[in-house]
Amino acid sequence: MVELSAATKKDMFWNMLLARRLDERAWALHRQGRIAFHISGIGHEAAQVGSAYALQRGRDWVTPYYRDLALMLCLGYTPRDFVLSLMGKREETTSGGRQMPSHWSLRKANVVSHSAPVATQTPHAAGIGLAIKLKKEDKVVLTTIGEGATSQGEWYEAVNWAAIHKLPVVFLVQNNKYAISVTPDKQMAVKSVADKACGLGLDGRAVDGTNVFAVYEVMHEVVENARRGGGPSLIEAVLYRITPHSSDDDDRSYRSREEVEEHKKQDPLLIARAILEQEGLLTSKEVEEMESRAKEIINEAVSYAEAADYPSVEEGAYPVYVEEARRG
Amino acid sequence: MVELSAATKKDMFWNMLLARRLDERAWALHRQGRIAFHISGIGHEAAQVGSAYALQRGRDWVTPYYRDLALMLCLGYTPRDFVLSLMGKREETTSGGRQMPSHWSLRKANVVSHSAPVATQTPHAAGIGLAIKLKKEDKVVLTTIGEGATSQGEWYEAVNWAAIHKLPVVFLVQNNKYAISVTPDKQMAVKSVADKACGLGLDGRAVDGTNVFAVYEVMHEVVENARRGGGPSLIEAVLYRITPHSSDDDDRSYRSREEVEEHKKQDPLLIARAILEQEGLLTSKEVEEMESRAKEIINEAVSYAEAADYPSVEEGAYPVYVEEARRG
Amino acid sequence: MAEITLVEAIRQAMDEELARDENVFIVGEDVGVRGGVFRATVGLYEKYGPARVIDSPLAELSIVGVGIGAALYGMRPVCEIQFADFIYPAMNQIVNEAAKMCYRSNGEWTVPIVIRAPYGGGIGGGLYHSQSLEAFFTHVPGLKVVIPSNPYDAKGLLKAAVRDPNPVLFFEPKKGYRLIRGDVPDGEYTTPIGPAKVSRPGRDLSIFAYGMMHYYALQAAEKLASEGIEAEVVDLRTLYPVDRKTILESVKRTGKALVVHEDNLTGGYGAEIAATIADEGFTDLDAPVRRLAGPDVPGVPFSHPFQDWFMVDAEKIVEAARKLAAY
Amino acid sequence: MAEITLVEAIRQAMDEELARDENVFIVGEDVGVRGGVFRATVGLYEKYGPARVIDSPLAELSIVGVGIGAALYGMRPVCEIQFADFIYPAMNQIVNEAAKMCYRSNGEWTVPIVIRAPYGGGIGGGLYHSQSLEAFFTHVPGLKVVIPSNPYDAKGLLKAAVRDPNPVLFFEPKKGYRLIRGDVPDGEYTTPIGPAKVSRPGRDLSIFAYGMMHYYALQAAEKLASEGIEAEVVDLRTLYPVDRKTILESVKRTGKALVVHEDNLTGGYGAEIAATIADEGFTDLDAPVRRLAGPDVPGVPFSHPFQDWFMVDAEKIVEAARKLAAY
Ligand SMILES: Cc1ncc(C[n+]2csc(CCOP(=O)(O)OP(=O)(O)O)c2C)c(N)n1
Ligand SMILES: Cc1ncc(C[n+]2csc(CCOP(=O)(O)OP(=O)(O)O)c2C)c(N)n1
Ligand SMILES: [Mg+2]
Ligand SMILES: [Mg+2]
């Protein structure tokens with residue numbers, strides 16, 4: 001594998017930290033009644049940032065899912081974009097306020113718009129992979145998903161396509177142990193999501209999804225393998241959903257506080273920090289600086305978004321067809 | 001395994017022979033313009049008869065697919081029923097002439113009505129298995145399908161259910177090497193359909209689908225295992241589709257005559273006969289008797305069906321709802 | 001008699017049916033310990049156990065497909081689709097299997113299944129948590145499609161649906177889950193699937209509605225009455241097969257018809273009602289048959305001004321009715 | 001100019017578009033060496049190779065879902081669904097994804113995909129090889145739905161569909177594949193998606209039809225003319241978004257409307273046409289708006305007397321038109 005530079009490693013940590021603080025702010029805004037909905041990626045940062053850095057960002061393609069805030073920040077999505085989205089403002093970048101928050105789209109970074117019905121993004125990744133292969137290009141597609149959503153036939157059909165045609169697609173499953181309230185033993189009879197690969201004829205591996213560098217290492221390998229024409233891989237990042245499913249959820253009905261507290265010890269942010277500190281790459285002072293930088297950026301984003309306009313209703317009628325698109 | 005009696009073995013051979021001759025007659029009727037459509041099970045007899053005999057027939061449940069003529073004959077469907085169906089006559093037993101031929105239904109033998117869209121019968125099998133488990137009964141469900149149709153997400157979701165809940169379902173895949181014109185390498189990246197099982201967490205095995213006794217042995221084992229609460233299995237019966245896909249197909253566009261001729265040497269009927277003759281259980285004379293009995297039965301079926309009435313059109317309006325069913 | 005919410009009426013219906021018939025079971029995502037994301041099954045897992053209230057894998061096709069299998073065996077599954085928007089993966093099983101089973105087997109096999117799904121907008125759910133899907137299913141012979149507008153009907157219709165030998169799609173106006181309250185008697189009752197109901201008589205025009213829109217239609221009628229316009233409100237309740245008789249009789253009385261739904265206009269459910277009136281009620285008509293519906297965009301957009309723009313409400317009904325009355 | 005069959009026109013359209021634009025590719029079951037079960041892609045695999053004419057796994061969801069992905073990347077996939085009856089597994093991808101992509105991304109992403117599917121009965125296909133599915137999709141903003149009735153339009157419309165930046169559903173009347181013949185010019189042309197066409201002018205009533213039913217409607221008009229009834233026949237061609245103007249102008253001329261489709265009546269496509277006329281064309285109407293359609297059963301039953309009973313044909317159109325003209 002490519003050895004990561006100190007600067008890159010710090011950058012990865014910074015993105016994790018920024019994502020975490022932004023996510024926490026979203027929860028705060030929700031408690032304050034300033035936004036109506038938030039779905040959180042807390043606990044998923046290592047899996048996402050480790051994956052993002054394995055890509056040729058801006059060149060490779062991504063069909064993501066709703067927890068991918070940290071991934072998106074690595075790809076050029078900004079805190080301001082996010083808060084605009086939380087508030088449904090006109091300037092909102094993914095949809096002009098049409099979609100719920102965390103339904104990403106970022107054309108300039110080849111991040112495809114996705115919807116709420118889980119797994120629908122997976123066939124898109126296979127199709128993009130097919131197009132890349134037909135055009136004989138050396139790009140890769142990353143698609144992400146939760147472990148629960150791998151129960152959908154849609155996911156199976158998409159992975160099957162990629163395996164048959166040896167498409168340059170990496171299927172990242174963020175196994176956070178819950179699909180809302182449902183645990184993996186009710187989703188699948190295999191011990192690990194990675195085991196699903198053997199029935200589909202592709203490479204499958206599980207990785208510690210709380211360690212950003214471990215994720216990077218595996219993802220870098222399979223991304224480059226795909227780029228070289230080696231075909232798709234299925235990577236399971238094992239982690240834990242630290243927050244309730246979304247701001248609409250009350251997770252006390254289905255899991256104990258103790259269980260959650262126990263898992264907070266495996267916080268990917270703390271783990272990354274510990275590694276960097278141990279390697280002598282990061283000081284407390286630097287972390288403090290990052291913290292205040294994050295706070296500043298996020299404060300600015302919130303003020304900006306709050307002052308921004310809502311869409312005017314006539315715009316809601318468009319663009320149903322491409323001919324009506326203002327920006328296409 | 002339970003040792004099969006000589007009588008039973010001969011009976012199995014008889015059902016294979018009857019199915020074969022009936023199937024051949026259907027092709028003849030089609031060539032003569034006396035029927036409009038036929039879809040054939042020639043080459044599939046061993047897989048089906050071996051499976052049928054592994055069931056407690058009339059007690060266990062079956063959600064079949066269109067090639068299962070030999071299976072159906074073992075379960076009490078008659079040649080007369082079949083020819084009535086080929087001709088769309090009023091007395092036709094599966095649907096009163098509403099469905100195309102080979103779309104089975106036989107309530108008295110717990111054979112569920114199925115449709116043409118492939119794989120839709122698989123979730124039904126899982127659901128029946130669930131019901132059996134919920135009611136704590138010791139019945140088993142057999143569901144059959146072609147290898148091509150295992151590409152459907154529907155199939156994956158159904159097998160997944162059965163594996164999670166350890167349902168008493170046996171998934172039999174009749175891998176005849178073609179889905180109309182498409183070969184298995186374009187359907188899946190695994191070498192064998194049986195390999196799909198490992199990704200779903202259930203037992204998977206391939207068996208020589210041209211040898212009725214080999215099929216019986218494996219099927220008997222997994223059926224009884226399921227009955228004992230041991231959970232589902234996936235069995236791939238490897239065989240070859242000797243005829244075109246259906247009477248509408250022209251298979252010369254996608255496979256050579258040589259290939260087909262080569263596979264005719266693995267004719268399940270000839271193989272069964274050779275085994276029984278070698279075991280000294282069957283004489284040429286007995287086979288001749290069976291042949292003339294089959295001819296007689298089939299001739300009778302054709303005359304009967306041809307003389308039978310078509311449905312009268314007013315009946316076509318019913319029964320859309322159960323309340324309108326005449327026989328429910 | 002107690003005043004309860006719409007969602008509580010639905011919960012009670014399932015509770016009572018689970019108690020009544022051991023063949024009844026619930027299956028869906030998060031219906032178990034979580035009690036459903038809208039809490040429609042709350043307490044049922046604790047009361048009836050994991051064999052009667054089953055947390056499914058996250059896969060709608062199999063929720064319905066497995067339900068159909070169990071129904072074929074004689075069970076009475078009540079399948080929950082978490083949001084109606086997620087029903088599409090199950091379309092094949094609903095339309096090609098459940099709906100056609102009785103007909104295609106000439107009555108040999110039947111599918112007594114209920115598929116419950118919260119539908120509709122106005123709750124900040126954006127394109128994928130706000131859809132109205134009745135138009136996809138009110139075109140499918142073999143299905144019954146029911147949408148209740150109040151707790152009394154919701155309970156009675158859901159209990160009737162569980163006992164119905166046919167597949168029933170039961171769409172629940174999720175915005176009304178806690179908003180709509182009403183009296184429900186203590187004892188056992190069912191409400192027949194089939195008949196529509198004149199929920200408010202009137203002479204100036206007929207308003208045909210269901211679910212959330214019926215709730216608003218009643219509010220609108222109140223307002224209209226204060227202006228001297230007497231609107232007759234008809235709650236369709238069973239959308240398919242539809243009660244054409246009650247519709248046509250109402251038009252005969254009023255001579256004017258306004259069909260209201262929140263789903264987008266073109267090809268929506270209202271088209272069939274309007275078309276029926278334009279044919280069989282033609283000679284009774286004193287005005288064009290009007291439809292008031294959501295705009296023809298792919299869904300309810302998220303941002304709240306957008307959402308308000310999309311949603312039909314009492315005010316918009318008043319306006320449309322006023323114009324029609326003046327025709 | 002040469003007289004060719006409907007299916008040959010479709011084949012030519014794909015051939016020419018494959019030649020014109022290297023982003024175009026064909027994907028579906030048996031479209032490769034087999035040339036499609038209806039031979040609509042015959043010769044294309046040999047001519048363009050396995051990278052441009054792709055035999056998919058037997059899985060419709062992924063045919064469309066993978067097609068959408070490729071389209072997002074800038075390709076122009078032409079997806080074949082072997083029979084329209086098998087499109088349901090792909091509903092989620094068509095309705096929730098393809099249709100909503102442009103709107104939900106505010107135009108950032110678009111899905112230029114064509115989904116071809118043979119539809120309709122009269123070919124002995126029973127419940128599952130005879131379905132008409134337009135009503136499911138003519139309710140979905142973001143989609144275009146096209147049904148040609150003759151070789152000229154089929155070729156021109158399919159070429160236009162391939163070039164259209166939006167998702168287009170292209171339903172082909174399979175009974176007409178070899179039955180319907182017509183002249184097609186040698187050179188390049190496209191037929192615009194959108195406008196309906198008055199294919200036969202008349203003054204006594206308007207018949208609105210498409211696909212196979214339009215073919216029969218023309219035959220019926222011929223017969224009616226011999227009885228002194230001048231029927232105007234309108235070929236809708238693009239069902240969604242529909243050309244309301246041409247429809248309403250025709251009703252203005254004739255005062256009477258008969259909407260014909262082979263799909264079952266209730267909630268069928270004709271409801272929207274009838275509803276539009278009952279509203280915007282109300283004052284032009286001299287008679288009830290009539291619909292002639294298949295009976296409300298779950299599908300076309302197999303046995304040939306059943307099939308004849310189900311199918312709308314020229315004779316049944318004549319009869320309905322005669323009654324309406326006499327109203
Ligand atoms: C097709 C569909 N069904 C149901 C839902 C409702 N839903 C949203 S997220 C979710 C759980 C997803 O779990 P998982 O895939 O493990 O991802 P996670 O949220 O845990 O990251 C469910 C059931 C949905 N969005 N789409
Ligand atoms: C959902 C669906 N798509 C397409 C078809 C058309 N079709 C009928 S049989 C068949 C091939 C089936 O192949 P396989 O599953 O291998 O079974 P076999 O016919 O070889 O026994 C196809 C494509 C169908 N019936 N259903
Ligand atoms: Mg999860
Ligand atoms: Mg096969």
# chains A, B, ... in the order shown; residues from 1 in each chain; ligands from 1
>>> residues_around(residues="stretch 245-251 of chain C", least_positions_apart="2", cutoff="12 Å", atoms="only C-alpha atoms", output="MDAnalysis selection string")
chainID C and resid 194:209 231:239 241:243 253:259 272:289
>>> write_last_selection(atoms="C-alpha atoms", output="PDB file, in the first residue's frame")
ATOM      1  CA  GLY C 194     -67.290  -1.547  -0.016  1.00  0.00           C
ATOM      2  CA  PRO C 195     -69.744   1.209   0.782  1.00  0.00           C
ATOM      3  CA  ALA C 196     -68.823   4.869   0.613  1.00  0.00           C
ATOM      4  CA  LYS C 197     -70.462   7.181   3.107  1.00  0.00           C
ATOM      5  CA  VAL C 198     -72.189  10.524   2.777  1.00  0.00           C
ATOM      6  CA  SER C 199     -70.516  12.100   5.759  1.00  0.00           C
ATOM      7  CA  ARG C 200     -72.242  15.446   5.365  1.00  0.00           C
ATOM      8  CA  PRO C 201     -75.347  15.990   3.252  1.00  0.00           C
ATOM      9  CA  GLY C 202     -75.639  19.072   1.081  1.00  0.00           C
ATOM     10  CA  ARG C 203     -77.368  20.288  -2.037  1.00  0.00           C
ATOM     11  CA  ASP C 204     -75.042  22.656  -3.894  1.00  0.00           C
ATOM     12  CA  LEU C 205     -72.190  20.411  -4.896  1.00  0.00           C
ATOM     13  CA  SER C 206     -70.643  17.053  -4.041  1.00  0.00           C
ATOM     14  CA  ILE C 207     -67.120  16.752  -2.712  1.00  0.00           C
ATOM     15  CA  PHE C 208     -65.594  13.292  -3.084  1.00  0.00           C
ATOM     16  CA  ALA C 209     -62.612  12.616  -0.883  1.00  0.00           C
ATOM     17  CA  ALA C 231     -71.519  21.000   0.123  1.00  0.00           C
ATOM     18  CA  GLU C 232     -72.272  17.320   0.308  1.00  0.00           C
ATOM     19  CA  VAL C 233     -69.181  15.429   1.414  1.00  0.00           C
ATOM     20  CA  VAL C 234     -68.710  11.804   0.442  1.00  0.00           C
ATOM     21  CA  ASP C 235     -66.055   9.724   2.145  1.00  0.00           C
ATOM     22  CA  LEU C 236     -65.106   7.057  -0.397  1.00  0.00           C
ATOM     23  CA  ARG C 237     -63.387   4.824   2.211  1.00  0.00           C
ATOM     24  CA  THR C 238     -63.168   1.802  -0.076  1.00  0.00           C
ATOM     25  CA  LEU C 239     -61.479   3.058  -3.199  1.00  0.00           C
ATOM     26  CA  PRO C 241     -63.875  -1.733  -5.877  1.00  0.00           C
ATOM     27  CA  VAL C 242     -65.542   1.657  -5.661  1.00  0.00           C
ATOM     28  CA  ASP C 243     -69.123   2.382  -4.642  1.00  0.00           C
ATOM     29  CA  ARG C 253     -78.757  15.410  -5.877  1.00  0.00           C
ATOM     30  CA  THR C 254     -76.231  18.203  -6.346  1.00  0.00           C
ATOM     31  CA  GLY C 255     -75.469  18.343 -10.081  1.00  0.00           C
ATOM     32  CA  LYS C 256     -71.857  19.271  -9.418  1.00  0.00           C
ATOM     33  CA  ALA C 257     -68.845  17.209  -8.535  1.00  0.00           C
ATOM     34  CA  LEU C 258     -65.474  18.087  -7.060  1.00  0.00           C
ATOM     35  CA  VAL C 259     -63.063  15.189  -6.655  1.00  0.00           C
ATOM     36  CA  GLU C 272     -61.696   7.321 -12.505  1.00  0.00           C
ATOM     37  CA  ILE C 273     -64.304   9.044 -10.351  1.00  0.00           C
ATOM     38  CA  ALA C 274     -64.546  11.930 -12.770  1.00  0.00           C
ATOM     39  CA  ALA C 275     -64.738   9.576 -15.741  1.00  0.00           C
ATOM     40  CA  THR C 276     -67.504   7.579 -14.103  1.00  0.00           C
ATOM     41  CA  ILE C 277     -69.515  10.702 -13.454  1.00  0.00           C
ATOM     42  CA  ALA C 278     -68.885  12.005 -16.975  1.00  0.00           C
ATOM     43  CA  ASP C 279     -70.339   8.808 -18.345  1.00  0.00           C
ATOM     44  CA  GLU C 280     -73.039   7.511 -16.040  1.00  0.00           C
ATOM     45  CA  GLY C 281     -73.879  10.812 -14.372  1.00  0.00           C
ATOM     46  CA  PHE C 282     -73.668  12.975 -17.477  1.00  0.00           C
ATOM     47  CA  THR C 283     -77.306  13.954 -17.596  1.00  0.00           C
ATOM     48  CA  ASP C 284     -77.239  15.071 -13.969  1.00  0.00           C
ATOM     49  CA  LEU C 285     -74.328  17.442 -14.425  1.00  0.00           C
ATOM     50  CA  ASP C 286     -74.791  21.196 -14.205  1.00  0.00           C
ATOM     51  CA  ALA C 287     -71.084  21.966 -14.415  1.00  0.00           C
ATOM     52  CA  PRO C 288     -67.777  20.508 -15.479  1.00  0.00           C
ATOM     53  CA  VAL C 289     -66.448  17.734 -13.267  1.00  0.00           C
TER      54      VAL C 289
END
>>> interface_residues(of="chain C", to="chain B", cutoff="6 Å", atoms="only C-alpha atoms", output="list in words")
Ser62, Gly65, Val66, Gly67, Gly69, Ala70, Tyr73, Tyr103, Arg104, Ser105, Asn106, Gly107, Glu108 and Gly142 of chain C
>>> residues_near_ligand(ligand="ligand 3", cutoff="10 Å", atoms="only C-alpha atoms and all ligand atoms", output="ChimeraX atom specification")
/A:67,145-150,173-184,238-241,245
>>> write_last_selection(atoms="N, CA and C atoms", output="mmCIF file, in the first residue's frame")
data_model
loop_
_atom_site.group_PDB
_atom_site.id
_atom_site.type_symbol
_atom_site.label_atom_id
_atom_site.label_comp_id
_atom_site.auth_asym_id
_atom_site.auth_seq_id
_atom_site.Cartn_x
_atom_site.Cartn_y
_atom_site.Cartn_z
ATOM 1 N N ARG A 67 -25.940 8.210 5.597
ATOM 2 C CA ARG A 67 -25.074 8.474 6.756
ATOM 3 C C ARG A 67 -23.729 9.071 6.380
ATOM 4 N N ILE A 145 -23.633 1.623 1.814
ATOM 5 C CA ILE A 145 -24.947 1.133 2.227
ATOM 6 C C ILE A 145 -24.849 0.649 3.672
ATOM 7 N N GLY A 146 -26.006 0.498 4.327
ATOM 8 C CA GLY A 146 -26.026 -0.116 5.648
ATOM 9 C C GLY A 146 -26.208 -1.625 5.541
ATOM 10 N N GLU A 147 -25.912 -2.323 6.623
ATOM 11 C CA GLU A 147 -25.985 -3.788 6.550
ATOM 12 C C GLU A 147 -27.430 -4.255 6.376
ATOM 13 N N GLY A 148 -28.382 -3.508 6.963
ATOM 14 C CA GLY A 148 -29.775 -3.926 6.831
ATOM 15 C C GLY A 148 -30.226 -3.925 5.374
ATOM 16 N N ALA A 149 -29.805 -2.919 4.667
ATOM 17 C CA ALA A 149 -30.249 -2.755 3.286
ATOM 18 C C ALA A 149 -29.678 -3.817 2.354
ATOM 19 N N THR A 150 -28.672 -4.561 2.817
ATOM 20 C CA THR A 150 -28.192 -5.658 1.962
ATOM 21 C C THR A 150 -29.191 -6.807 1.912
ATOM 22 N N VAL A 173 -20.122 -1.787 2.869
ATOM 23 C CA VAL A 173 -21.259 -1.931 3.764
ATOM 24 C C VAL A 173 -20.845 -1.435 5.144
ATOM 25 N N GLN A 174 -21.542 -0.437 5.621
ATOM 26 C CA GLN A 174 -21.251 0.091 6.955
ATOM 27 C C GLN A 174 -22.167 -0.638 7.934
ATOM 28 N N ASN A 175 -21.626 -1.661 8.531
ATOM 29 C CA ASN A 175 -22.413 -2.480 9.453
ATOM 30 C C ASN A 175 -22.367 -1.870 10.846
ATOM 31 N N ASN A 176 -23.431 -1.149 11.154
ATOM 32 C CA ASN A 176 -23.493 -0.453 12.446
ATOM 33 C C ASN A 176 -24.375 -1.194 13.450
ATOM 34 N N LYS A 177 -24.679 -2.455 13.133
ATOM 35 C CA LYS A 177 -25.366 -3.376 14.050
ATOM 36 C C LYS A 177 -26.870 -3.162 14.147
ATOM 37 N N TYR A 178 -27.373 -2.119 13.560
ATOM 38 C CA TYR A 178 -28.814 -1.872 13.606
ATOM 39 C C TYR A 178 -29.345 -1.396 12.263
ATOM 40 N N ALA A 179 -30.536 -1.814 11.962
ATOM 41 C CA ALA A 179 -31.327 -1.203 10.895
ATOM 42 C C ALA A 179 -32.549 -0.660 11.638
ATOM 43 N N ILE A 180 -32.517 0.620 11.931
ATOM 44 C CA ILE A 180 -33.408 1.214 12.932
ATOM 45 C C ILE A 180 -33.297 0.343 14.193
ATOM 46 N N SER A 181 -34.275 -0.542 14.432
ATOM 47 C CA SER A 181 -34.222 -1.345 15.661
ATOM 48 C C SER A 181 -33.807 -2.789 15.414
ATOM 49 N N VAL A 182 -33.632 -3.149 14.160
ATOM 50 C CA VAL A 182 -33.472 -4.566 13.833
ATOM 51 C C VAL A 182 -31.989 -4.945 13.758
ATOM 52 N N THR A 183 -31.646 -6.012 14.430
ATOM 53 C CA THR A 183 -30.246 -6.442 14.515
ATOM 54 C C THR A 183 -29.894 -7.382 13.350
ATOM 55 N N PRO A 184 -28.598 -7.495 13.044
ATOM 56 C CA PRO A 184 -28.187 -8.281 11.878
ATOM 57 C C PRO A 184 -28.654 -9.737 11.896
ATOM 58 N N VAL A 238 -17.022 -2.801 10.078
ATOM 59 C CA VAL A 238 -17.753 -3.129 11.295
ATOM 60 C C VAL A 238 -17.639 -1.973 12.280
ATOM 61 N N LEU A 239 -18.756 -1.425 12.673
ATOM 62 C CA LEU A 239 -18.754 -0.255 13.546
ATOM 63 C C LEU A 239 -20.039 -0.244 14.359
ATOM 64 N N TYR A 240 -20.400 0.884 14.888
ATOM 65 C CA TYR A 240 -21.587 0.942 15.747
ATOM 66 C C TYR A 240 -22.273 2.287 15.577
ATOM 67 N N ARG A 241 -23.593 2.228 15.491
ATOM 68 C CA ARG A 241 -24.375 3.461 15.369
ATOM 69 C C ARG A 241 -24.559 4.043 16.760
ATOM 70 N N HIS A 245 -31.420 6.137 15.368
ATOM 71 C CA HIS A 245 -31.452 6.049 13.904
ATOM 72 C C HIS A 245 -31.525 7.426 13.264
#
>>> atom_distance(atom1="atom CA of B:Val83", atom2="atom CA of D:Pro295")
27.9 Å
>>> closest_residue(among="C:Met101, C:Lys316, C:Asn96, C:Leu158", to="ligand 2", atoms="only C-alpha atoms and all ligand atoms")
C:Asn96
>>> residues_around(residues="B:Arg25", least_positions_apart="2", cutoff="10 Å", atoms="only C-alpha atoms", output="PyMOL selection string")
chain B and resi 19-23+27-31+83+295+298-299+302
>>> write_last_selection(atoms="C-alpha atoms", output="short mmCIF file (atom, residue, chain, number, x, y, z; two decimals), in the first residue's frame")
data_model
loop_
_atom_site.label_atom_id
_atom_site.label_comp_id
_atom_site.auth_asym_id
_atom_site.auth_seq_id
_atom_site.Cartn_x
_atom_site.Cartn_y
_atom_site.Cartn_z
CA ALA B 19 -43.81 -37.64 -18.44
CA ARG B 20 -41.47 -38.06 -21.38
CA ARG B 21 -44.06 -39.55 -23.68
CA LEU B 22 -46.67 -37.00 -22.68
CA ASP B 23 -44.20 -34.23 -23.29
CA TRP B 27 -44.67 -31.34 -29.17
CA ALA B 28 -46.45 -33.48 -31.76
CA LEU B 29 -49.78 -31.78 -31.07
CA HIS B 30 -48.05 -28.47 -31.52
CA ARG B 31 -46.50 -29.46 -34.83
CA VAL B 83 -53.91 -32.13 -22.31
CA LYS B 295 -49.49 -44.53 -25.12
CA ILE B 298 -52.05 -40.38 -23.44
CA ASN B 299 -54.26 -41.31 -26.37
CA VAL B 302 -55.97 -36.45 -26.06
#
>>> residues_around(residues="C:Val168", least_positions_apart="3", cutoff="10 Å", atoms="only C-alpha atoms", output="CSV table (one decimal) with C-alpha atoms, in the first residue's frame")
chain,number,residue,atom,x,y,z
C,78,VAL,CA,-50.9,-8.2,8.4
C,94,ILE,CA,-49.0,-7.6,-5.0
C,98,ALA,CA,-51.8,-11.6,-4.6
C,99,ALA,CA,-54.3,-9.9,-7.0
C,111,VAL,CA,-54.7,-14.8,-0.5
C,112,PRO,CA,-56.2,-13.3,2.6
C,113,ILE,CA,-53.5,-10.8,3.3
C,114,VAL,CA,-53.6,-7.2,4.6
C,115,ILE,CA,-50.9,-4.8,3.6
C,116,ARG,CA,-50.9,-1.7,5.7
C,142,GLY,CA,-58.4,-8.8,-7.4
C,143,LEU,CA,-57.2,-6.2,-4.9
C,144,LYS,CA,-59.3,-4.2,-2.4
C,145,VAL,CA,-58.0,-0.8,-1.5
C,146,VAL,CA,-59.2,0.9,1.6
C,158,LEU,CA,-59.0,-2.8,9.4
C,160,ALA,CA,-62.9,-6.2,8.3
C,161,ALA,CA,-59.8,-6.3,6.2
C,162,VAL,CA,-58.1,-8.9,8.4
C,163,ARG,CA,-61.2,-11.1,8.0
C,164,ASP,CA,-61.6,-10.5,4.3
C,165,PRO,CA,-60.6,-13.5,2.2
C,171,PHE,CA,-53.4,3.0,3.3
C,193,ILE,CA,-65.4,-2.9,3.0
C,240,TYR,CA,-61.5,-0.2,-5.0
>>> select_by_dssp(residues="stretch 54-273 of chain B", states="helix (DSSP H, G or I)", output="VMD selection string")
chain B and resid 69 to 74 79 to 87 107 to 109 121 to 134 148 to 151 153 to 164 184 to 186 193 to 199 212 to 227 251 to 253 257 to 264 268 to 273
>>> closest_residue(among="D:Glu29, D:Gln93, D:Asn264, D:Tyr152", to="ligand 1", atoms="only C-alpha atoms and all ligand atoms")
D:Gln93
>>> closest_residue(among="D:Ala51, D:Ile26, D:Ala84, D:Val42", to="A:His165", atoms="only C-alpha atoms")
D:Ala51
>>> atom_distance(atom1="atom CA of C:Gly228", atom2="atom CA of C:Arg322")
10.1 Å
>>> interface_residues(of="chain B", to="chain A", cutoff="7 Å", atoms="only C-alpha atoms", output="list in words")
Ser151, Gln152, Gly153, Glu154, Tyr156, Glu157, Asn160, Ala163, Ile164, Lys186, Met188, Ala189, Val190, Asp195, Lys196, Ala197, Cys198, Gly199, Leu200 and Gly201 of chain B
>>> write_last_selection(atoms="C-alpha atoms", output="PDB file, in the first residue's frame")
ATOM      1  CA  SER B 151     -30.645 -13.972 -10.635  1.00  0.00           C
ATOM      2  CA  GLN B 152     -33.853 -12.363  -9.418  1.00  0.00           C
ATOM      3  CA  GLY B 153     -33.675 -10.392  -6.197  1.00  0.00           C
ATOM      4  CA  GLU B 154     -36.916 -12.128  -5.342  1.00  0.00           C
ATOM      5  CA  TYR B 156     -32.420 -14.009  -2.877  1.00  0.00           C
ATOM      6  CA  GLU B 157     -34.875 -12.414  -0.470  1.00  0.00           C
ATOM      7  CA  ASN B 160     -32.580 -15.279   2.973  1.00  0.00           C
ATOM      8  CA  ALA B 163     -32.113 -19.216   6.212  1.00  0.00           C
ATOM      9  CA  ILE B 164     -32.688 -16.618   8.930  1.00  0.00           C
ATOM     10  CA  LYS B 186     -23.945 -14.479 -17.856  1.00  0.00           C
ATOM     11  CA  MET B 188     -23.731 -15.527 -12.089  1.00  0.00           C
ATOM     12  CA  ALA B 189     -20.070 -15.268 -11.215  1.00  0.00           C
ATOM     13  CA  VAL B 190     -20.016 -18.434  -9.138  1.00  0.00           C
ATOM     14  CA  ASP B 195     -22.237 -21.923  -4.255  1.00  0.00           C
ATOM     15  CA  LYS B 196     -24.881 -19.266  -3.790  1.00  0.00           C
ATOM     16  CA  ALA B 197     -25.847 -20.941  -0.543  1.00  0.00           C
ATOM     17  CA  CYS B 198     -22.701 -19.941   1.320  1.00  0.00           C
ATOM     18  CA  GLY B 199     -23.530 -16.250   0.955  1.00  0.00           C
ATOM     19  CA  LEU B 200     -26.947 -16.824   2.403  1.00  0.00           C
ATOM     20  CA  GLY B 201     -26.058 -19.059   5.296  1.00  0.00           C
TER      21      GLY B 201
END
